[in-house]
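Asks: Here it is, the structure in full.
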There are 2 protein chains.
Amino acid sequence: MIKRKKTKKIRIGTVEIGGNATVSVQSMCNTDTRDTTATIKQVKQLEDAGCEIVRLAVPDSEAAEAIKKIKSNVVVPIVADIHFDYRLAIQAIQNDVDGLRLNPGNISNIDNIKKVVKLAKKEDIPIRIGINSGSLEKDLSHRKEDLADSLVESALRQVKIFEDLDFNLIKLSLKSSDTLTMINAYQQISNIVDYPLHLGVTEAGTLKTGLIKSSIGIGSLLLQGIGDTIRISLTDNPVEEVKAGWEILKALNLRQRGINFISCPTCGRCQIDLINLAQKVEDSLKNISTPITVAVMGCPVNGPGEAKTADIGIAGGINEGYIFKKGEIIAKVPEEDLLEVFMKEINILLNQQ
Amino acid sequence: MIKRKKTKKIRIGTVEIGGNATVSVQSMCNTDTRDTTATIKQVKQLEDAGCEIVRLAVPDSEAAEAIKKIKSNVVVPIVADIHFDYRLAIQAIQNDVDGLRLNPGNISNIDNIKKVVKLAKKEDIPIRIGINSGSLEKDLSHRKEDLADSLVESALRQVKIFEDLDFNLIKLSLKSSDTLTMINAYQQISNIVDYPLHLGVTEAGTLKTGLIKSSIGIGSLLLQGIGDTIRISLTDNPVEEVKAGWEILKALNLRQRGINFISCPTCGRCQIDLINLAQKVEDSLKNISTPITVAVMGCPVNGPGEAKTADIGIAGGINEGYIFKKGEIIAKVPEEDLLEVFMKEINILLNQQ
């Protein structure tokens, strides 16, 4: 069991982050925020996939204005991503946003920072300080020292600006596209502050590489009890980010949602078309949110063992398969009927939950 | 930097495992070993992807016999996966196999185990003891205690059988389909023995889920310095296992091979078709083994920062992109020409290496 480090609790809309709150799954729309139809549609897709906080880019006043319409059409809390212009932050809060991502150091004038902080305090809107290896301050990005140290120093500078204004509704992220750098930076900052941490490997790449870098970076930090909310960054449909976030939390037994899918890699022993069967079963179950364990196993070596501990499982034989349910064989089925019979049994199981 | 735990060194053919050897990438064919044409073809595909040890299922005498022909047609060392029948182990060694995966506890008669050990010693053939949560001994699989403890106890029993016969060309794996169990088991065994460890999450599932579970399990252990060779278990083409293995090692800076690909998740700021561009660039580079860092970034917020530190990078603008090479802007290109110009520059870079 993972012992989580306790951090201060903040609240983005209805979602608690830090304290004893469960680790939440975030994503970001890649639509143009000003296109409210496309953005609302994508936010709803993210909600359906289990996304608990959605971030939107707010590059201009029209995008800040669009938040009001988007908010009134969706359930999930919305965070506005803002750079440089304090007026967009003010406008986003006025348009019902639930949280901001904003680095005060990006806003040159301290009086303008004060205006944002004053309104955020009044409306109880938390702000994430998002440090990113690609956009460090010049004096830090040019240092020859360890990049992780620079990420930490940059974060502490930004924190100090807020703390000096007596503002502590803060969440922090220290992202790098380098997995080891990101792990190192979060470990350090976690020892220094007790603000909740938003974990992510930034610019992690396309689907497969991105899943690998993010799973190592976010997964190993969560294993150490570090991290309160996560965002998997993928150059792909953001729905994939949400699915991946849940899979990471499920693998670490931090949250449960939908199918825990166990299937073997197939080998020279496998006598049924397992890859095809496993993909079809998994695909048929992708919209189920009830937590059940399903095992699809090719052969009699490890098959029965895994299939027995799963809620429901198949162990393949020669041109046929055995279906297990809660440890008991309930059917021996020819290969051509396996998918149909197995799916029927899974549906019976789901209806009993 | 990761400080690796030092283990005893063994040698599978030309590949060293343990000691100061680099972490090697393994996979397993899912062809029928007796079908030597299909198996040789798949072994070569795995070799091309960077696989350093290939395992073959050896369920019968015909499969053991096939090893000779397969071995004479491939370069990569071959391991025979054997259960229950000691004669298959003898036959595999006589047919030039480089290593065995065999649990002596599966062979009921101690005299038969002795025959295998005697020949393995004479021919200098290491044996992996492969403990798997799906095939534990009955008295262990029925225990109510932590499954990780049972995996460790099972491994130690098998180790004792070999040690009592004065055989120590041993490698160990303690796989579970549950990520936390697997991490816990390897952490424990690593503190007890100094045999090299083969890491894997077993039956990890189909591609995406399998990548996530394996990256967390294997990645977090490697981060702790545990593990000498890895196999990613996926219900998919085994070539994907090899690619994933390399991505894990690259993310942890333990090995270098091919492209380190950085690309941003796209957001409402992105004004070019980045997902498409990133996938095309990555796809065009998939067979490159020269280690270079390529960044494909959507917007001017983090884009230039990442693109500057990469060997070559794009930062997208409005319907155009800037190409960076070693920190310098070398071209400003309209979106429709970006892929072509960028690939041309990458090829120039690769030819200079």
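Ligands are numbered from 1 in the order shown, residues from 1 within each chain, and chains are lettered A, B, ... in the order they appear in the structure tokens.
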Check the DSSP output for the backbone and give back, as a PyMOL selection string, the residues of segment 59-181 of chain B in alpha helix (DSSP H).
Replies: chain B and resi 61-71+86-94+110-123+138-141+147-164+179-181
Asks: Using DSSP assignments from the backbone, pull out every residue in segment 196-288 of chain A that falls under strand (DSSP E or B) and give it to me as a list in words.
Replies: Leu197, His198, Leu199, Ala204, Thr229, Ile230, Arg231, Ile259, Asn260, Phe261, Ile262 and Ser263 of chain A
Asks: Which residue gives the smallest distance to chain B among A:Ile248, A:Val239, A:Ile53, A:Val23, with only C-alpha atoms counted?
Replies: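 Using only C-alpha atoms, chain B sits closest to A:Ile248.
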Asks: Residues within 8 Å of Pro304 of chain B, please, as a list in words. Count only C-alpha atoms; anything in the same chain fewer than 6 positions from it doesn't count.
Replies: Gly134 of chain A; Met297, Ile314 and Ala315 of chain B
Asks: Report, in Å to a single decimal, how far apart atom CA of Leu140 of chain A and atom CA of Val152 of chain A are.
Replies: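 One can read the atom CA of Val152 of chain A to atom CA of Leu140 of chain A distance as 10.2 Å.
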Asks: Can you tell me, as a list in words, what residues are no more than 9 Å from Leu199 of chain B when counting only C-alpha atoms, ignoring any on the same chain fewer than 5 positions away?
Replies: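 Contacts, with the query itself left out: Leu172, Ser173, Leu174, Lys175, Met182, Tyr186, Gly217, Ile218, Leu221, Leu222, Ile226, Gly227, Asp228, Thr229, Ile230, Arg231 and Ile232 of chain B.
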Asks: Any chance you could export the current selection's all heavy atoms as a tab-separated table (two decimals), in the first residue's frame?
Replies:
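Contents of selection.tsv, freshly written:
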chain	number	residue	atom	x	y	z
B	172	LEU	N	16.93	-14.70	-12.03
B	172	LEU	CA	15.61	-14.86	-11.40
B	172	LEU	C	14.61	-13.87	-11.95
B	172	LEU	O	14.94	-12.72	-12.22
B	172	LEU	CB	15.72	-14.60	-9.89
B	172	LEU	CG	16.46	-15.60	-9.02
B	172	LEU	CD1	16.55	-15.04	-7.60
B	172	LEU	CD2	15.73	-16.92	-9.02
B	173	SER	N	13.36	-14.33	-12.07
B	173	SER	CA	12.26	-13.38	-12.29
B	173	SER	C	11.13	-13.73	-11.33
B	173	SER	O	10.92	-14.89	-11.01
B	173	SER	CB	11.78	-13.42	-13.74
B	173	SER	OG	11.25	-14.68	-14.05
B	174	LEU	N	10.42	-12.70	-10.84
B	174	LEU	CA	9.29	-12.89	-9.93
B	174	LEU	C	8.15	-12.03	-10.46
B	174	LEU	O	7.93	-10.90	-10.02
B	174	LEU	CB	9.65	-12.45	-8.50
B	174	LEU	CG	10.62	-13.35	-7.71
B	174	LEU	CD1	12.04	-13.12	-8.14
B	174	LEU	CD2	10.46	-13.12	-6.22
B	175	LYS	N	7.44	-12.58	-11.43
B	175	LYS	CA	6.46	-11.76	-12.15
B	175	LYS	C	5.06	-11.92	-11.58
B	175	LYS	O	4.67	-12.98	-11.14
B	175	LYS	CB	6.46	-12.14	-13.63
B	175	LYS	CG	7.81	-11.92	-14.31
B	175	LYS	CD	7.71	-12.11	-15.82
B	175	LYS	CE	9.09	-11.99	-16.48
B	175	LYS	NZ	9.04	-12.23	-17.94
B	182	MET	N	4.43	-7.08	-7.96
B	182	MET	CA	5.68	-7.34	-8.66
B	182	MET	C	6.80	-6.45	-8.11
B	182	MET	O	7.91	-6.90	-7.84
B	182	MET	CB	5.41	-7.12	-10.16
B	182	MET	CG	6.58	-7.05	-11.08
B	182	MET	SD	7.08	-5.30	-11.27
B	182	MET	CE	8.27	-5.47	-12.61
B	186	TYR	N	10.19	-8.03	-6.21
B	186	TYR	CA	11.57	-7.80	-6.68
B	186	TYR	C	12.39	-7.03	-5.65
B	186	TYR	O	13.58	-7.27	-5.49
B	186	TYR	CB	11.56	-7.04	-8.01
B	186	TYR	CG	11.35	-7.92	-9.24
B	186	TYR	CD1	10.13	-7.94	-9.90
B	186	TYR	CD2	12.38	-8.71	-9.73
B	186	TYR	CE1	9.94	-8.73	-11.03
B	186	TYR	CE2	12.19	-9.50	-10.86
B	186	TYR	CZ	10.97	-9.50	-11.50
B	186	TYR	OH	10.80	-10.29	-12.62
B	217	GLY	N	6.05	-0.66	-13.31
B	217	GLY	CA	6.68	-1.75	-12.56
B	217	GLY	C	8.18	-1.83	-12.83
B	217	GLY	O	9.00	-1.75	-11.91
B	218	ILE	N	8.53	-1.96	-14.09
B	218	ILE	CA	9.94	-2.09	-14.46
B	218	ILE	C	10.67	-0.78	-14.22
B	218	ILE	O	11.78	-0.75	-13.67
B	218	ILE	CB	10.06	-2.54	-15.93
B	218	ILE	CG1	9.48	-3.94	-16.09
B	218	ILE	CG2	11.51	-2.48	-16.41
B	218	ILE	CD1	9.34	-4.41	-17.53
B	221	LEU	N	11.46	0.01	-10.51
B	221	LEU	CA	12.54	-0.86	-9.99
B	221	LEU	C	13.90	-0.43	-10.54
B	221	LEU	O	14.87	-0.33	-9.79
B	221	LEU	CB	12.25	-2.32	-10.34
B	221	LEU	CG	11.12	-2.97	-9.52
B	221	LEU	CD1	10.66	-4.28	-10.16
B	221	LEU	CD2	11.57	-3.22	-8.07
B	222	LEU	N	13.97	-0.18	-11.85
B	222	LEU	CA	15.24	0.27	-12.43
B	222	LEU	C	15.71	1.56	-11.77
B	222	LEU	O	16.91	1.74	-11.51
B	222	LEU	CB	15.09	0.47	-13.94
B	222	LEU	CG	14.95	-0.80	-14.80
B	222	LEU	CD1	14.62	-0.45	-16.24
B	222	LEU	CD2	16.23	-1.65	-14.75
B	226	ILE	N	17.44	-1.68	-9.29
B	226	ILE	CA	17.14	-3.11	-9.31
B	226	ILE	C	16.81	-3.55	-10.74
B	226	ILE	O	15.99	-2.92	-11.42
B	226	ILE	CB	15.94	-3.42	-8.39
B	226	ILE	CG1	16.30	-3.08	-6.94
B	226	ILE	CG2	15.50	-4.88	-8.51
B	226	ILE	CD1	15.13	-3.14	-5.96
B	227	GLY	N	17.44	-4.65	-11.20
B	227	GLY	CA	17.10	-5.20	-12.51
B	227	GLY	C	18.28	-5.21	-13.45
B	227	GLY	O	19.00	-4.22	-13.58
B	228	ASP	N	18.50	-6.35	-14.15
B	228	ASP	CA	19.64	-6.50	-15.05
B	228	ASP	C	19.23	-6.73	-16.49
B	228	ASP	O	20.02	-6.53	-17.41
B	228	ASP	CB	20.51	-7.66	-14.56
B	228	ASP	CG	20.99	-7.41	-13.14
B	228	ASP	OD1	21.92	-6.60	-12.99
B	228	ASP	OD2	20.41	-7.96	-12.19
B	229	THR	N	18.00	-7.20	-16.70
B	229	THR	CA	17.49	-7.42	-18.04
B	229	THR	C	15.98	-7.31	-17.94
B	229	THR	O	15.40	-7.56	-16.88
B	229	THR	CB	17.96	-8.80	-18.59
B	229	THR	OG1	17.47	-8.98	-19.92
B	229	THR	CG2	17.50	-9.95	-17.73
B	230	ILE	N	15.33	-6.87	-19.04
B	230	ILE	CA	13.89	-6.62	-18.94
B	230	ILE	C	13.13	-7.23	-20.10
B	230	ILE	O	13.66	-7.38	-21.20
B	230	ILE	CB	13.58	-5.10	-18.89
B	230	ILE	CG1	13.96	-4.40	-20.20
B	230	ILE	CG2	14.29	-4.44	-17.71
B	230	ILE	CD1	13.54	-2.93	-20.25
B	231	ARG	N	11.90	-7.62	-19.82
B	231	ARG	CA	11.00	-8.05	-20.88
B	231	ARG	C	9.63	-7.42	-20.63
B	231	ARG	O	9.05	-7.58	-19.58
B	231	ARG	CB	10.85	-9.57	-20.90
B	231	ARG	CG	10.11	-10.07	-22.13
B	231	ARG	CD	8.75	-10.62	-21.78
B	231	ARG	NE	7.97	-10.92	-22.97
B	231	ARG	CZ	7.25	-12.03	-23.13
B	231	ARG	NH1	7.24	-12.95	-22.21
B	231	ARG	NH2	6.52	-12.17	-24.21
B	232	ILE	N	9.16	-6.68	-21.62
B	232	ILE	CA	7.83	-6.09	-21.55
B	232	ILE	C	6.87	-7.12	-22.11
B	232	ILE	O	7.06	-7.55	-23.25
B	232	ILE	CB	7.73	-4.80	-22.40
B	232	ILE	CG1	9.01	-3.96	-22.28
B	232	ILE	CG2	6.49	-4.01	-22.08
B	232	ILE	CD1	9.36	-3.57	-20.90
Asks: In terms of the shortest atom-to-atom distance over only C-alpha atoms, which of B:Leu88, B:Val25, B:Leu277, B:Ala49 is closest to chain A?
Replies: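 Closest to chain A, using only C-alpha atoms: B:Leu277.
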Asks: Which one of B:Lys71, B:Lys286, B:His83, B:Lys8 sits closest to Thr37 of chain B if you count only C-alpha atoms?
Replies: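 Of B:Lys71, B:Lys286, B:His83, B:Lys8, the one nearest Thr37 of chain B is B:Lys71, counting only C-alpha atoms.
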